[in-house]
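Asker: Below you'll find start-v5.cif; it's mmCIF, C-alpha atoms.
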data_my_file
#
loop_
_atom_site.group_PDB
_atom_site.id
_atom_site.type_symbol
_atom_site.label_atom_id
_atom_site.label_comp_id
_atom_site.auth_asym_id
_atom_site.auth_seq_id
_atom_site.Cartn_x
_atom_site.Cartn_y
_atom_site.Cartn_z
ATOM 1 C CA GLU A 5 -7.611 -11.697 18.810
ATOM 2 C CA ALA A 6 -4.769 -13.172 20.792
ATOM 3 C CA GLY A 7 -1.496 -11.288 20.572
ATOM 4 C CA VAL A 8 2.012 -12.450 19.790
ATOM 5 C CA ALA A 9 3.167 -14.867 22.467
ATOM 6 C CA GLN A 10 6.798 -15.185 23.508
ATOM 7 C CA SER A 11 8.585 -17.273 26.070
ATOM 8 C CA PRO A 12 10.408 -17.154 28.330
ATOM 9 C CA ARG A 13 10.035 -13.579 29.574
ATOM 10 C CA TYR A 14 13.434 -13.547 31.248
ATOM 11 C CA LYS A 15 16.566 -15.641 30.910
ATOM 12 C CA ILE A 16 19.953 -15.443 32.584
ATOM 13 C CA ILE A 17 22.775 -17.601 31.228
ATOM 14 C CA GLU A 18 26.537 -17.725 31.394
ATOM 15 C CA LYS A 19 28.637 -16.836 28.388
ATOM 16 C CA ARG A 20 29.289 -19.731 26.021
ATOM 17 C CA GLN A 21 26.014 -21.393 27.015
ATOM 18 C CA SER A 22 23.164 -21.809 24.569
ATOM 19 C CA VAL A 23 19.634 -20.417 24.782
ATOM 20 C CA ALA A 24 16.435 -20.631 22.757
ATOM 21 C CA PHE A 25 13.441 -18.333 22.494
ATOM 22 C CA TRP A 26 9.998 -19.243 21.245
ATOM 23 C CA CYS A 27 7.402 -17.162 19.441
ATOM 24 C CA ASN A 28 3.812 -17.848 18.412
ATOM 25 C CA PRO A 29 2.543 -15.144 16.043
ATOM 26 C CA ILE A 30 -1.013 -13.929 15.584
ATOM 27 C CA SER A 31 -3.072 -16.452 13.681
ATOM 28 C CA GLY A 32 -3.099 -15.786 9.955
ATOM 29 C CA HIS A 33 -0.070 -13.505 9.945
ATOM 30 C CA ALA A 34 2.269 -14.585 7.180
ATOM 31 C CA THR A 35 5.227 -12.439 8.191
ATOM 32 C CA LEU A 36 7.240 -13.023 11.348
ATOM 33 C CA TYR A 37 10.162 -10.934 12.582
ATOM 34 C CA TRP A 38 12.806 -11.313 15.262
ATOM 35 C CA TYR A 39 14.321 -8.083 16.541
ATOM 36 C CA GLN A 40 17.151 -7.458 18.987
ATOM 37 C CA GLN A 41 16.794 -4.413 21.238
ATOM 38 C CA ILE A 42 19.890 -3.436 23.176
ATOM 39 C CA LEU A 43 19.326 -1.067 26.087
ATOM 40 C CA GLY A 44 19.069 2.518 24.884
ATOM 41 C CA GLN A 45 18.755 1.593 21.219
ATOM 42 C CA GLY A 46 15.970 0.971 18.763
ATOM 43 C CA PRO A 47 15.061 -2.567 17.743
ATOM 44 C CA LYS A 48 17.322 -4.078 15.080
ATOM 45 C CA LEU A 49 15.952 -6.689 12.699
ATOM 46 C CA LEU A 50 17.684 -10.048 12.979
ATOM 47 C CA ILE A 51 15.549 -12.127 10.643
ATOM 48 C CA GLN A 52 12.271 -11.903 8.752
ATOM 49 C CA PHE A 53 10.177 -14.866 7.596
ATOM 50 C CA GLN A 54 7.440 -14.854 4.996
ATOM 51 C CA ASN A 55 5.495 -18.032 5.711
ATOM 52 C CA ASN A 56 8.247 -20.689 5.859
ATOM 53 C CA GLY A 57 10.878 -18.806 3.916
ATOM 54 C CA VAL A 58 13.537 -16.351 5.028
ATOM 55 C CA VAL A 59 13.119 -12.912 3.448
ATOM 56 C CA ASP A 60 15.939 -11.054 5.209
ATOM 57 C CA ASP A 61 18.640 -12.364 7.538
ATOM 58 C CA SER A 62 21.354 -9.928 6.554
ATOM 59 C CA GLN A 63 21.956 -8.784 10.137
ATOM 60 C CA LEU A 64 21.775 -12.186 11.797
ATOM 61 C CA PRO A 65 25.180 -13.268 13.204
ATOM 62 C CA LYS A 66 25.003 -16.646 11.565
ATOM 63 C CA ASP A 67 28.041 -18.051 13.333
ATOM 64 C CA ARG A 68 26.078 -18.129 16.590
ATOM 65 C CA PHE A 69 22.439 -17.277 15.865
ATOM 66 C CA SER A 70 19.934 -19.485 14.088
ATOM 67 C CA ALA A 71 16.202 -19.321 13.586
ATOM 68 C CA GLU A 72 13.500 -21.440 12.090
ATOM 69 C CA ARG A 73 9.809 -21.176 11.473
ATOM 70 C CA LEU A 74 7.999 -24.465 11.526
ATOM 71 C CA LYS A 75 5.078 -24.937 9.147
ATOM 72 C CA GLY A 76 4.860 -21.189 8.709
ATOM 73 C CA VAL A 77 3.574 -20.652 12.249
ATOM 74 C CA ASP A 78 5.732 -20.857 15.413
ATOM 75 C CA SER A 79 9.333 -19.785 15.397
ATOM 76 C CA THR A 80 12.399 -20.354 17.535
ATOM 77 C CA LEU A 81 15.539 -18.244 17.779
ATOM 78 C CA LYS A 82 18.676 -19.861 19.150
ATOM 79 C CA ILE A 83 21.993 -18.472 20.305
ATOM 80 C CA GLN A 84 24.937 -20.848 20.621
ATOM 81 C CA PRO A 85 27.325 -19.961 22.157
ATOM 82 C CA ALA A 86 26.174 -16.760 23.820
ATOM 83 C CA LYS A 87 28.435 -13.753 24.317
ATOM 84 C CA LEU A 88 28.168 -10.927 26.825
ATOM 85 C CA GLU A 89 27.146 -8.520 24.050
ATOM 86 C CA ASP A 90 24.079 -10.651 23.296
ATOM 87 C CA SER A 91 22.445 -9.268 26.440
ATOM 88 C CA ALA A 92 19.320 -7.578 25.097
ATOM 89 C CA VAL A 93 15.565 -7.894 24.725
ATOM 90 C CA TYR A 94 14.568 -10.190 21.867
ATOM 91 C CA LEU A 95 11.308 -9.152 20.288
ATOM 92 C CA CYS A 96 9.089 -11.202 18.048
ATOM 93 C CA ALA A 97 6.550 -9.507 15.812
ATOM 94 C CA SER A 98 4.106 -10.556 13.133
ATOM 95 C CA SER A 99 2.102 -8.869 10.426
ATOM 96 C CA ARG A 100 -0.246 -9.622 7.568
ATOM 97 C CA GLU A 101 1.072 -9.435 4.036
ATOM 98 C CA GLY A 102 0.829 -6.107 2.294
ATOM 99 C CA VAL A 103 2.399 -2.692 2.091
ATOM 100 C CA GLY A 104 2.289 -0.482 5.167
ATOM 101 C CA THR A 105 0.651 -3.099 7.366
ATOM 102 C CA GLU A 106 1.058 -2.879 11.113
ATOM 103 C CA ALA A 107 3.489 -5.158 12.942
ATOM 104 C CA PHE A 108 2.266 -6.532 16.272
ATOM 105 C CA PHE A 109 4.918 -7.185 18.900
ATOM 106 C CA GLY A 110 5.200 -9.649 21.723
ATOM 107 C CA GLN A 111 6.394 -8.578 25.165
ATOM 108 C CA GLY A 112 9.882 -9.810 24.435
ATOM 109 C CA THR A 113 12.436 -11.983 26.184
ATOM 110 C CA ARG A 114 15.032 -10.189 28.281
ATOM 111 C CA LEU A 115 18.319 -12.074 28.014
ATOM 112 C CA THR A 116 21.177 -11.416 30.404
ATOM 113 C CA VAL A 117 24.506 -13.075 29.656
ATOM 114 C CA VAL A 118 26.913 -13.100 32.605
ATOM 115 C CA GLY B 22 19.667 2.023 2.799
ATOM 116 C CA ASN B 23 16.687 3.123 4.821
ATOM 117 C CA SER B 24 17.262 4.927 8.100
ATOM 118 C CA VAL B 25 15.389 6.892 10.743
ATOM 119 C CA THR B 26 16.828 9.685 12.874
ATOM 120 C CA GLN B 27 15.150 10.798 16.081
ATOM 121 C CA MET B 28 15.976 13.774 18.259
ATOM 122 C CA GLU B 29 18.169 13.120 21.273
ATOM 123 C CA GLY B 30 16.489 12.511 24.589
ATOM 124 C CA PRO B 31 15.351 12.081 27.235
ATOM 125 C CA VAL B 32 12.525 14.601 27.343
ATOM 126 C CA THR B 33 10.916 15.702 30.597
ATOM 127 C CA LEU B 34 7.735 17.785 30.543
ATOM 128 C CA SER B 35 5.138 18.972 32.995
ATOM 129 C CA GLU B 36 1.585 17.729 32.642
ATOM 130 C CA GLU B 37 -0.454 19.662 30.033
ATOM 131 C CA ALA B 38 2.687 20.862 28.231
ATOM 132 C CA PHE B 39 2.955 20.729 24.427
ATOM 133 C CA LEU B 40 5.024 17.874 23.021
ATOM 134 C CA THR B 41 7.033 17.661 19.816
ATOM 135 C CA ILE B 42 9.329 14.737 19.060
ATOM 136 C CA ASN B 43 11.279 15.126 15.835
ATOM 137 C CA CYS B 44 11.778 12.324 13.344
ATOM 138 C CA THR B 45 13.410 12.447 9.921
ATOM 139 C CA TYR B 46 14.023 9.600 7.527
ATOM 140 C CA THR B 47 16.099 8.501 4.573
ATOM 141 C CA ALA B 48 14.507 6.076 2.155
ATOM 142 C CA THR B 49 14.121 5.304 -1.502
ATOM 143 C CA GLY B 50 10.663 5.681 -2.923
ATOM 144 C CA TYR B 51 7.702 6.369 -0.688
ATOM 145 C CA PRO B 52 7.905 4.510 2.611
ATOM 146 C CA SER B 53 5.120 4.059 5.132
ATOM 147 C CA LEU B 54 5.839 5.831 8.425
ATOM 148 C CA PHE B 55 4.973 4.785 11.965
ATOM 149 C CA TRP B 56 5.232 5.836 15.572
ATOM 150 C CA TYR B 57 5.447 2.993 18.074
ATOM 151 C CA VAL B 58 5.255 3.413 21.843
ATOM 152 C CA GLN B 59 6.624 1.244 24.625
ATOM 153 C CA TYR B 60 5.036 1.817 28.030
ATOM 154 C CA PRO B 61 6.976 0.666 31.118
ATOM 155 C CA GLY B 62 6.913 -3.112 31.380
ATOM 156 C CA GLU B 63 4.976 -3.572 28.145
ATOM 157 C CA GLY B 64 5.725 -4.511 24.560
ATOM 158 C CA LEU B 65 5.940 -2.192 21.565
ATOM 159 C CA GLN B 66 2.600 -1.102 20.222
ATOM 160 C CA LEU B 67 1.582 0.987 17.242
ATOM 161 C CA LEU B 68 0.594 4.537 18.134
ATOM 162 C CA LEU B 69 -0.166 5.895 14.651
ATOM 163 C CA LYS B 70 0.863 5.581 11.029
ATOM 164 C CA ALA B 71 0.775 7.316 7.633
ATOM 165 C CA THR B 72 1.199 5.564 4.319
ATOM 166 C CA LYS B 73 1.525 8.417 1.830
ATOM 167 C CA ALA B 74 2.686 12.006 1.610
ATOM 168 C CA ASP B 75 0.552 14.605 3.431
ATOM 169 C CA ASP B 76 -1.328 11.894 5.340
ATOM 170 C CA LYS B 77 -1.881 12.665 9.008
ATOM 171 C CA GLY B 78 -1.904 9.834 11.509
ATOM 172 C CA SER B 79 -3.621 10.409 14.835
ATOM 173 C CA ASN B 80 -4.408 8.451 17.999
ATOM 174 C CA LYS B 81 -4.867 9.211 21.710
ATOM 175 C CA GLY B 82 -4.389 12.936 21.076
ATOM 176 C CA PHE B 83 -1.089 12.390 19.252
ATOM 177 C CA GLU B 84 -0.641 13.485 15.631
ATOM 178 C CA ALA B 85 2.060 13.207 12.979
ATOM 179 C CA THR B 86 2.023 14.381 9.369
ATOM 180 C CA TYR B 87 3.973 12.672 6.570
ATOM 181 C CA ARG B 88 6.080 15.470 5.034
ATOM 182 C CA LYS B 89 7.821 14.247 1.905
ATOM 183 C CA GLU B 90 9.428 17.606 1.129
ATOM 184 C CA THR B 91 11.261 17.637 4.473
ATOM 185 C CA THR B 92 11.393 13.820 4.870
ATOM 186 C CA SER B 93 9.923 14.200 8.348
ATOM 187 C CA PHE B 94 7.236 12.657 10.544
ATOM 188 C CA HIS B 95 7.283 14.676 13.765
ATOM 189 C CA LEU B 96 5.065 13.539 16.640
ATOM 190 C CA GLU B 97 2.985 16.157 18.457
ATOM 191 C CA LYS B 98 0.511 16.317 21.293
ATOM 192 C CA GLY B 99 -1.137 19.466 22.561
ATOM 193 C CA SER B 100 -1.381 18.498 26.236
ATOM 194 C CA VAL B 101 0.596 15.585 27.637
ATOM 195 C CA GLN B 102 -0.476 13.481 30.608
ATOM 196 C CA VAL B 103 1.520 11.521 33.156
ATOM 197 C CA SER B 104 0.229 8.358 31.497
ATOM 198 C CA ASP B 105 2.052 9.335 28.268
ATOM 199 C CA SER B 106 5.392 8.605 29.956
ATOM 200 C CA ALA B 107 6.974 5.973 27.713
ATOM 201 C CA VAL B 108 9.596 5.380 25.052
ATOM 202 C CA TYR B 109 8.599 6.524 21.556
ATOM 203 C CA PHE B 110 10.054 5.038 18.365
ATOM 204 C CA CYS B 111 9.754 6.382 14.857
ATOM 205 C CA ALA B 112 9.899 3.700 12.138
ATOM 206 C CA LEU B 113 9.426 3.134 8.434
ATOM 207 C CA THR B 114 8.824 0.338 5.971
ATOM 208 C CA ARG B 115 9.363 0.177 2.265
ATOM 209 C CA SER B 116 6.414 1.175 0.154
ATOM 210 C CA SER B 117 6.445 -1.800 -2.178
ATOM 211 C CA GLY B 118 7.703 -5.325 -2.523
ATOM 212 C CA ALA B 119 7.376 -8.306 -0.267
ATOM 213 C CA ASN B 120 9.976 -7.155 2.223
ATOM 214 C CA SER B 121 8.068 -4.971 4.664
ATOM 215 C CA LYS B 122 10.916 -4.749 7.181
ATOM 216 C CA LEU B 123 10.431 -2.118 9.885
ATOM 217 C CA THR B 124 13.450 0.123 10.391
ATOM 218 C CA PHE B 125 13.434 1.908 13.757
ATOM 219 C CA GLY B 126 15.009 5.024 15.148
ATOM 220 C CA LYS B 127 16.826 4.908 18.485
ATOM 221 C CA GLY B 128 13.780 5.908 20.478
ATOM 222 C CA ILE B 129 13.272 8.712 22.933
ATOM 223 C CA THR B 130 12.161 8.501 26.552
ATOM 224 C CA LEU B 131 9.397 10.872 27.590
ATOM 225 C CA SER B 132 8.764 11.548 31.270
ATOM 226 C CA VAL B 133 5.765 13.653 32.251
ATOM 227 C CA ARG B 134 5.690 15.219 35.726
ATOM 228 C CA PRO B 135 2.414 15.805 37.563
#
Translate this file's structure into C-alpha coordinates.
Answerer:
Amino acid sequence: EAGVAQSPRYKIIEKRQSVAFWCNPISGHATLYWYQQILGQGPKLLIQFQNNGVVDDSQLPKDRFSAERLKGVDSTLKIQPAKLEDSAVYLCASSREGVGTEAFFGQGTRLTVV
Amino acid sequence: GNSVTQMEGPVTLSEEAFLTINCTYTATGYPSLFWYVQYPGEGLQLLLKATKADDKGSNKGFEATYRKETTSFHLEKGSVQVSDSAVYFCALTRSSGANSKLTFGKGITLSVRP
(Lines of atoms letter the chains of each structure in order from A and count residues from 1; the text may use other names and numbers.)
(Lines give C-alpha, C1' and ligand atoms only; values in the text may rest on other atoms or scores of the structure.)
Protein backbone atom coordinates (compact mmCIF):
# COMPACT_ATOMS: atom_id res chain seq x y z
CA GLU A 1 0.00 0.00 0.00
CA ALA A 2 1.11 3.55 -0.60
CA GLY A 3 2.57 5.32 2.41
CA VAL A 4 1.79 8.68 3.96
CA ALA A 5 2.62 11.43 1.49
CA GLN A 6 3.80 14.86 2.57
CA SER A 7 4.83 17.95 0.71
CA PRO A 8 6.96 19.91 0.42
CA ARG A 9 10.02 18.09 1.74
CA TYR A 10 11.87 21.30 2.56
CA LYS A 11 10.83 24.89 3.07
CA ILE A 12 12.78 28.01 3.98
CA ILE A 13 10.86 31.16 4.88
CA GLU A 14 11.49 34.42 6.66
CA LYS A 15 9.98 35.09 10.05
CA ARG A 16 6.49 36.57 9.95
CA GLN A 17 5.77 34.85 6.63
CA SER A 18 3.16 32.14 6.31
CA VAL A 19 3.62 28.52 5.22
CA ALA A 20 1.42 25.50 4.60
CA PHE A 21 2.13 21.79 4.64
CA TRP A 22 0.08 19.08 3.01
CA CYS A 23 -0.49 15.47 4.01
CA ASN A 24 -2.26 12.57 2.31
CA PRO A 25 -2.69 9.65 4.72
CA ILE A 26 -2.86 5.96 3.90
CA SER A 27 -6.19 5.07 2.36
CA GLY A 28 -8.72 3.91 4.92
CA HIS A 29 -6.89 5.32 7.93
CA ALA A 30 -9.35 7.23 10.08
CA THR A 31 -6.82 8.87 12.37
CA LEU A 32 -4.38 11.53 11.22
CA TYR A 33 -1.71 13.22 13.33
CA TRP A 34 0.57 16.20 12.91
CA TYR A 35 3.74 16.15 14.98
CA GLN A 36 6.47 18.75 15.42
CA GLN A 37 10.01 17.42 15.84
CA ILE A 38 12.60 19.96 16.93
CA LEU A 39 16.22 18.93 16.44
CA GLY A 40 17.38 16.68 19.25
CA GLN A 41 13.90 16.08 20.63
CA GLY A 42 11.18 13.52 20.22
CA PRO A 43 8.11 14.29 18.12
CA LYS A 44 5.46 16.37 19.90
CA LEU A 45 1.81 16.00 18.93
CA LEU A 46 0.28 19.18 17.56
CA ILE A 47 -3.13 17.92 16.51
CA GLN A 48 -4.98 14.64 16.04
CA PHE A 49 -7.98 14.10 13.77
CA GLN A 50 -10.44 11.24 13.86
CA ASN A 51 -12.08 11.33 10.44
CA ASN A 52 -13.14 15.00 10.12
CA GLY A 53 -13.13 15.86 13.80
CA VAL A 54 -10.38 17.11 16.07
CA VAL A 55 -9.62 14.71 18.93
CA ASP A 56 -6.69 16.54 20.54
CA ASP A 57 -5.23 19.96 19.77
CA SER A 58 -4.13 20.82 23.28
CA GLN A 59 -0.53 21.53 22.23
CA LEU A 60 -1.30 23.43 19.04
CA PRO A 61 -0.33 27.13 19.31
CA LYS A 62 -3.67 28.31 18.05
CA ASP A 63 -2.66 31.94 17.72
CA ARG A 64 -0.45 31.03 14.76
CA PHE A 65 -1.06 27.40 13.83
CA SER A 66 -4.17 26.00 12.17
CA ALA A 67 -5.03 22.68 10.63
CA GLU A 68 -7.89 21.13 8.76
CA ARG A 69 -8.78 17.77 7.37
CA LEU A 70 -10.99 17.89 4.34
CA LYS A 71 -13.59 15.16 3.90
CA GLY A 72 -11.72 13.02 6.40
CA VAL A 73 -8.81 12.43 4.01
CA ASP A 74 -6.12 15.03 3.16
CA SER A 75 -4.94 17.52 5.72
CA THR A 76 -3.13 20.85 5.71
CA LEU A 77 -1.20 22.49 8.52
CA LYS A 78 -0.61 26.23 8.35
CA ILE A 79 1.64 28.57 10.27
CA GLN A 80 0.91 32.30 10.13
CA PRO A 81 3.01 34.19 11.03
CA ALA A 82 6.06 32.00 11.47
CA LYS A 83 8.61 32.51 14.25
CA LEU A 84 12.23 31.42 14.42
CA GLU A 85 11.34 28.77 17.01
CA ASP A 86 9.00 27.09 14.52
CA SER A 87 12.05 25.71 12.71
CA ALA A 88 11.53 21.95 12.93
CA VAL A 89 10.47 18.87 10.99
CA TYR A 90 6.70 18.56 10.69
CA LEU A 91 5.58 14.96 10.57
CA CYS A 92 2.25 13.63 9.43
CA ALA A 93 1.13 10.17 10.47
CA SER A 94 -1.98 8.06 10.10
CA SER A 95 -3.40 4.95 11.69
CA ARG A 96 -6.45 2.73 11.65
CA GLU A 97 -8.91 2.98 14.51
CA GLY A 98 -8.32 0.75 17.48
CA VAL A 99 -6.19 0.33 20.55
CA GLY A 100 -2.46 -0.20 20.10
CA THR A 101 -2.56 0.20 16.33
CA GLU A 102 0.58 1.24 14.50
CA ALA A 103 1.02 4.81 13.27
CA PHE A 104 2.62 5.19 9.84
CA PHE A 105 4.70 8.31 9.29
CA GLY A 106 5.48 10.38 6.25
CA GLN A 107 9.00 11.60 5.54
CA GLY A 108 8.23 14.98 7.01
CA THR A 109 8.69 18.59 5.96
CA ARG A 110 11.81 20.33 7.21
CA LEU A 111 10.97 23.97 7.89
CA THR A 112 13.68 26.56 8.40
CA VAL A 113 12.60 30.02 9.53
CA VAL A 114 15.27 32.70 9.05
CA GLY B 1 -0.16 12.65 32.07
CA ASN B 2 1.63 10.04 30.04
CA SER B 3 5.38 10.34 29.56
CA VAL B 4 8.35 8.36 28.29
CA THR B 5 11.92 8.64 29.55
CA GLN B 6 14.84 7.37 27.51
CA MET B 7 18.47 7.05 28.54
CA GLU B 8 20.78 9.87 27.52
CA GLY B 9 22.76 9.48 24.34
CA PRO B 10 24.40 9.31 21.95
CA VAL B 11 25.57 5.70 21.99
CA THR B 12 28.53 4.51 19.96
CA LEU B 13 29.26 0.79 19.64
CA SER B 14 31.50 -1.46 17.61
CA GLU B 15 29.93 -3.90 15.19
CA GLU B 16 28.73 -7.14 16.86
CA ALA B 17 28.52 -5.48 20.29
CA PHE B 18 25.49 -6.01 22.55
CA LEU B 19 22.99 -3.16 22.66
CA THR B 20 20.65 -2.06 25.43
CA ILE B 21 18.66 1.16 25.23
CA ASN B 22 16.66 1.91 28.36
CA CYS B 23 13.10 3.18 28.30
CA THR B 24 10.73 3.76 31.22
CA TYR B 25 7.24 5.17 31.14
CA THR B 26 4.58 6.82 33.25
CA ALA B 27 0.98 6.17 32.30
CA THR B 28 -2.41 5.43 33.74
CA GLY B 29 -3.83 2.03 33.01
CA TYR B 30 -2.12 -0.31 30.60
CA PRO B 31 -0.61 1.49 27.63
CA SER B 32 0.67 -0.08 24.43
CA LEU B 33 4.43 0.35 24.01
CA PHE B 34 6.45 0.91 20.84
CA TRP B 35 9.95 1.39 19.54
CA TYR B 36 10.24 3.52 16.42
CA VAL B 37 13.42 3.96 14.40
CA GLN B 38 14.51 6.79 12.13
CA TYR B 39 17.29 5.91 9.69
CA PRO B 40 19.32 8.78 8.18
CA GLY B 41 17.24 10.66 5.63
CA GLU B 42 14.13 8.56 6.21
CA GLY B 43 10.87 8.88 8.10
CA LEU B 44 9.94 7.26 11.40
CA GLN B 45 9.03 3.62 11.13
CA LEU B 46 7.79 1.09 13.64
CA LEU B 47 10.47 -1.31 14.83
CA LEU B 48 8.43 -3.38 17.31
CA LYS B 49 5.56 -3.14 19.75
CA ALA B 50 3.92 -4.81 22.76
CA THR B 51 0.33 -4.30 23.81
CA LYS B 52 0.14 -5.98 27.21
CA ALA B 53 2.30 -6.83 30.19
CA ASP B 54 4.96 -9.53 29.66
CA ASP B 55 4.55 -9.35 25.87
CA LYS B 56 7.81 -9.40 23.94
CA GLY B 57 8.07 -7.48 20.70
CA SER B 58 10.76 -8.49 18.24
CA ASN B 59 11.95 -7.49 14.76
CA LYS B 60 15.25 -7.45 12.85
CA GLY B 61 17.06 -9.04 15.80
CA PHE B 62 15.80 -6.39 18.23
CA GLU B 63 13.69 -7.34 21.25
CA ALA B 64 11.85 -5.50 24.02
CA THR B 65 9.72 -6.90 26.83
CA TYR B 66 6.79 -5.01 28.40
CA ARG B 67 7.59 -4.96 32.14
CA LYS B 68 4.66 -3.57 34.10
CA GLU B 69 6.32 -4.05 37.49
CA THR B 70 9.24 -1.81 36.52
CA THR B 71 7.28 0.29 33.96
CA SER B 72 10.02 -0.39 31.42
CA PHE B 73 10.40 -1.40 27.78
CA HIS B 74 14.15 -1.67 27.20
CA LEU B 75 15.38 -2.35 23.66
CA GLU B 76 18.06 -5.01 23.17
CA LYS B 77 20.01 -6.55 20.34
CA GLY B 78 22.64 -9.23 20.72
CA SER B 79 24.91 -8.16 17.85
CA VAL B 80 24.56 -4.75 16.24
CA GLN B 81 25.47 -3.96 12.64
CA VAL B 82 26.60 -0.76 10.97
CA SER B 83 23.20 -0.63 9.28
CA ASP B 84 21.53 -0.28 12.71
CA SER B 85 22.93 3.25 13.01
CA ALA B 86 19.83 5.40 13.49
CA VAL B 87 17.78 7.33 16.02
CA TYR B 88 15.57 5.17 18.25
CA PHE B 89 12.40 6.44 19.93
CA CYS B 90 10.41 4.76 22.65
CA ALA B 91 6.68 5.63 22.62
CA LEU B 92 3.36 4.71 24.17
CA THR B 93 -0.34 5.06 23.54
CA ARG B 94 -3.26 4.80 25.87
CA SER B 95 -4.77 1.37 26.19
CA SER B 96 -8.38 2.37 25.69
CA GLY B 97 -10.58 5.10 24.34
CA ALA B 98 -10.65 6.79 20.99
CA ASN B 99 -7.60 8.94 21.62
CA SER B 100 -4.67 6.78 20.58
CA LYS B 101 -2.12 9.61 20.73
CA LEU B 102 1.50 8.48 20.56
CA THR B 103 3.71 10.01 23.24
CA PHE B 104 7.42 9.84 22.40
CA GLY B 105 10.62 9.92 24.36
CA LYS B 106 13.45 12.22 23.30
CA GLY B 107 15.15 9.60 21.18
CA ILE B 108 18.68 8.31 21.25
CA THR B 109 21.23 8.26 18.44
CA LEU B 110 23.04 4.98 17.89
CA SER B 111 26.24 4.91 15.85
CA VAL B 112 27.82 1.55 15.04
CA ARG B 113 31.47 1.46 13.96
CA PRO B 114 32.76 -1.19 11.56
Asker: Please, which residues of chain B lie no more than 12 Å from chain A when the count uses only C-alpha atoms, and can they be set out as a ChimeraX atom specification?
Answerer: /B:24-27,29-31,51-73,108-130
Asker: Expressed in Å to a single decimal, how great is the separation between atom CA of B:Val32 and atom CA of B:Thr91?
Answerer: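 These two atoms are separated by 23.1 Å.
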Asker: Given the file shown, enumerate the residues that the PyMOL selection byres ((chain B and resi 103) around 9) captures and present them as a list of chain:residue names.
Answerer: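 Written out, the selection comes to B:Ser35, B:Glu36, B:Glu37, B:Val101, B:Gln102, B:Ser104, B:Asp105, B:Ser106, B:Ser132, B:Val133, B:Arg134, B:Pro135.
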Asker: Could the residues in this selection be saved with C-alpha atoms as a PDB file, in the coordinates of the input?
Answerer:
ATOM      1  CA  SER B  35       5.138  18.972  32.995  1.00  0.00           C
ATOM      2  CA  GLU B  36       1.585  17.729  32.642  1.00  0.00           C
ATOM      3  CA  GLU B  37      -0.454  19.662  30.033  1.00  0.00           C
ATOM      4  CA  VAL B 101       0.596  15.585  27.637  1.00  0.00           C
ATOM      5  CA  GLN B 102      -0.476  13.481  30.608  1.00  0.00           C
ATOM      6  CA  SER B 104       0.229   8.358  31.497  1.00  0.00           C
ATOM      7  CA  ASP B 105       2.052   9.335  28.268  1.00  0.00           C
ATOM      8  CA  SER B 106       5.392   8.605  29.956  1.00  0.00           C
ATOM      9  CA  SER B 132       8.764  11.548  31.270  1.00  0.00           C
ATOM     10  CA  VAL B 133       5.765  13.653  32.251  1.00  0.00           C
ATOM     11  CA  ARG B 134       5.690  15.219  35.726  1.00  0.00           C
ATOM     12  CA  PRO B 135       2.414  15.805  37.563  1.00  0.00           C
TER      13      PRO B 135
END
Asker: When you draw a straight line from atom CA of A:Cys27 to atom CA of A:Lys15, how long is it in Å?
Answerer: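 That distance, rounded to one decimal, is 14.8 Å.
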Asker: Quick one: residues within 9 Å of B:Gly82, only C-alpha atoms, excluding same-chain residues fewer than 6 positions away - as a ChimeraX atom specification?
Answerer: /B:97-101
Asker: Using Å and a single decimal, report how far atom CA of A:Leu50 sits from atom CA of A:Asp78.
Answerer: 16.3 Å
Asker: Could you state which residues are captured by the PyMOL selection byres ((chain A and resi 68) around 10) in this file, as an MDAnalysis selection string?
Answerer: chainID A and resid 22 64:67 69:70 82:87
Asker: For the residues in that selection, give me C-alpha atoms as a PDB file, in the coordinates of the input.
Answerer:
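Final output, saved to out.pdb:
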ATOM      1  CA  SER A  22      23.164 -21.809  24.569  1.00  0.00           C
ATOM      2  CA  LEU A  64      21.775 -12.186  11.797  1.00  0.00           C
ATOM      3  CA  PRO A  65      25.180 -13.268  13.204  1.00  0.00           C
ATOM      4  CA  LYS A  66      25.003 -16.646  11.565  1.00  0.00           C
ATOM      5  CA  ASP A  67      28.041 -18.051  13.333  1.00  0.00           C
ATOM      6  CA  PHE A  69      22.439 -17.277  15.865  1.00  0.00           C
ATOM      7  CA  SER A  70      19.934 -19.485  14.088  1.00  0.00           C
ATOM      8  CA  LYS A  82      18.676 -19.861  19.150  1.00  0.00           C
ATOM      9  CA  ILE A  83      21.993 -18.472  20.305  1.00  0.00           C
ATOM     10  CA  GLN A  84      24.937 -20.848  20.621  1.00  0.00           C
ATOM     11  CA  PRO A  85      27.325 -19.961  22.157  1.00  0.00           C
ATOM     12  CA  ALA A  86      26.174 -16.760  23.820  1.00  0.00           C
ATOM     13  CA  LYS A  87      28.435 -13.753  24.317  1.00  0.00           C
TER      14      LYS A  87
END
Asker: Measuring between only C-alpha atoms, which one of B:Leu34, B:Cys44, B:Ala74, B:Met28 shows the shortest distance to B:Ser93?
Answerer: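 Of B:Leu34, B:Cys44, B:Ala74, B:Met28, the one nearest B:Ser93, counting only C-alpha atoms, is B:Cys44.
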Asker: Using all atoms listed in the file, find the one residue out of B:Thr92, B:Asn23, B:Thr86, B:Ser79 that sits nearest to B:Thr49.
Answerer: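 Looking at the shortest contact to B:Thr49, the residue is B:Asn23.
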Asker: How big is the axis-aligned box around the listed atoms of stretch 71-80 of chain A once 3 Å is added on each side, and where is its centre? Give both in Å to one decimal, as lines of an AutoDock Vina configuration file.
Answerer:
center_x = 9.9
center_y = -22.1
center_z = 13.1
size_x = 18.6
size_y = 11.6
size_z = 14.8
